[in-house]
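Have a look at the structure below before the remarks.
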Amino acid sequence: MITRALAIALALSASAAVAQETREGNERSRPREEVYRLIDDYVRRSLQERVGLSDEQTARALPLVRNLHADRRRFAKRRIRAHSQMRRAQRSNAITDTRAAELVQELKTAESEEVAAMRAAHDAVDAVLTPVQQVKYRIFEGEIEHKLRELMARLRAQRRDGAGRRRGDRPAGVSPAPD
């Protein structure tokens with residue numbers, strides 16, 4: 001499991017980043033990038049111990065793991081962009097079958113390229129590890145991915161809550177005052 005201290009540190013950093021973003025009005029990706037940096041730092045510090053790597057294995061595996069994470073994020077951005085384009089096109093009520101087919105093909109291409117890239121990245125990491133270490137690494141990756149999803153959901157919720165308060169809306173769950 002990811003340590004409780006990591007979870008607390010990531011949550012606090014993410015909250016601080018959202019608060020700063022809200023105060024300064026910066027772009028949406030700043031808190032996300034901060035969470036990614038914290039995750040990368042945790043992986044750098046914990047990979048060797050959690051997976052049981054030698055110093056030589058760590059030196060070989062860490063750049064591969066960093067590349068894997070960077071690729072995963074790049075493909076996630078690409079998928080998100082494709083979905084956004086689809087939503088915008090649908091909302092415009094002017095989407096044609098041709099444009100719809102193009103958008104779906106863009107998403108399918110991104111998804112298939114992601115599968116191939118992730119397979120190659122995992123194969124490269126696996127080549128450095130023993131089978132037992134591969135199991136430990138996959139468990140470690142799963143825990144990190146789970147925590148990343150939790151933190152991103154928390155960032156989205158904080159962003160929504162902060163945006164509502166800036167507009168003067170009531171926080172979720174608060175009833176209007178009686179007349």
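Ordered as shown in the structure tokens, chains take letters A, B, and onward, while each chain numbers its residues from 1 and ligands are numbered from 1 in the order shown.
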Exercise for the section: Name the residues in contact with stretch 53-64 of chain A at a cut-off of 7 Å, using only C-alpha atoms, excluding same-chain residues fewer than 2 positions from it; report them as JSON, numbers by chain. Expected result: {"A": [44, 48, 49, 51, 66, 67, 68, 124, 125, 128]}
Problem - Closest of A:Tyr137, A:Ala89, A:Ile39, A:Val115 to A:Ala101 - atom-to-atom distances counting only C-alpha atoms - result: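 The shortest atom-to-atom distance to A:Ala101 comes from A:Ala89.
Remark: for A:Arg81, the closest of the candidate residues A:Arg37, A:Met118, A:Asp97, A:Leu103 is A:Leu103 (distances computed over only C-alpha atoms).
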Handout entry: Shortest interatomic distance to A:Arg72 - which of A:Lys147, A:Arg154, A:His122, A:Arg138, counting only C-alpha atoms
Key =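 When distances to A:Arg72 are compared using only C-alpha atoms, the smallest one comes from A:His122.
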Handout entry: Distance query A:Ile80 at most 10 Å, only C-alpha atoms, self and fewer than 6 positions along chain excluded, as a VMD selection string
Key = chain A and resid 74 86 107
Preceding selection exported with N, CA and C atoms as a CSV table (one decimal), in the first residue's frame:
```
chain,number,residue,atom,x,y,z
A,74,ARG,N,0.6,11.4,-21.5
A,74,ARG,CA,0.5,12.0,-22.9
A,74,ARG,C,-0.8,11.3,-23.6
A,86,MET,N,-15.3,15.6,-29.4
A,86,MET,CA,-16.6,14.9,-29.7
A,86,MET,C,-17.8,15.6,-29.0
A,107,LEU,N,-10.1,8.9,-31.9
A,107,LEU,CA,-10.1,8.2,-30.6
A,107,LEU,C,-9.6,6.8,-30.7
```
Exercise for the section: Would you kindly return, as a list in words, each protein, DNA or RNA residue with an atom no farther than 12 Å from any atom of A:Arg149, considering only C-alpha atoms and excluding same-chain residues fewer than 3 positions away? Expected result: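 The neighbour list is Leu10, Ala11, Arg32, Val35, Tyr36, Ile39, Gly142, Glu143, Ile144, Glu145, His146, Met152, Ala153, Arg154, Leu155 and Arg156 of chain A.
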Could you save the residues just selected, with C-alpha atoms, as a short mmCIF file (atom, residue, chain, number, x, y, z; two decimals), in the first residue's frame?
```
data_model
loop_
_atom_site.label_atom_id
_atom_site.label_comp_id
_atom_site.auth_asym_id
_atom_site.auth_seq_id
_atom_site.Cartn_x
_atom_site.Cartn_y
_atom_site.Cartn_z
CA LEU A 10 -0.29 14.40 -1.78
CA ALA A 11 -3.70 15.47 -0.53
CA ARG A 32 -2.61 18.29 -12.02
CA VAL A 35 0.19 15.95 -8.39
CA TYR A 36 2.15 14.31 -11.20
CA ILE A 39 3.81 11.00 -7.72
CA GLY A 142 -1.66 -0.32 -9.40
CA GLU A 143 -1.48 1.39 -6.03
CA ILE A 144 -0.02 4.52 -7.56
CA GLU A 145 -2.66 4.57 -10.30
CA HIS A 146 -5.44 4.16 -7.73
CA MET A 152 -7.55 13.81 -9.43
CA ALA A 153 -11.15 13.27 -8.33
CA ARG A 154 -10.45 15.37 -5.24
CA LEU A 155 -8.92 18.12 -7.40
CA ARG A 156 -11.97 18.15 -9.66
#
```
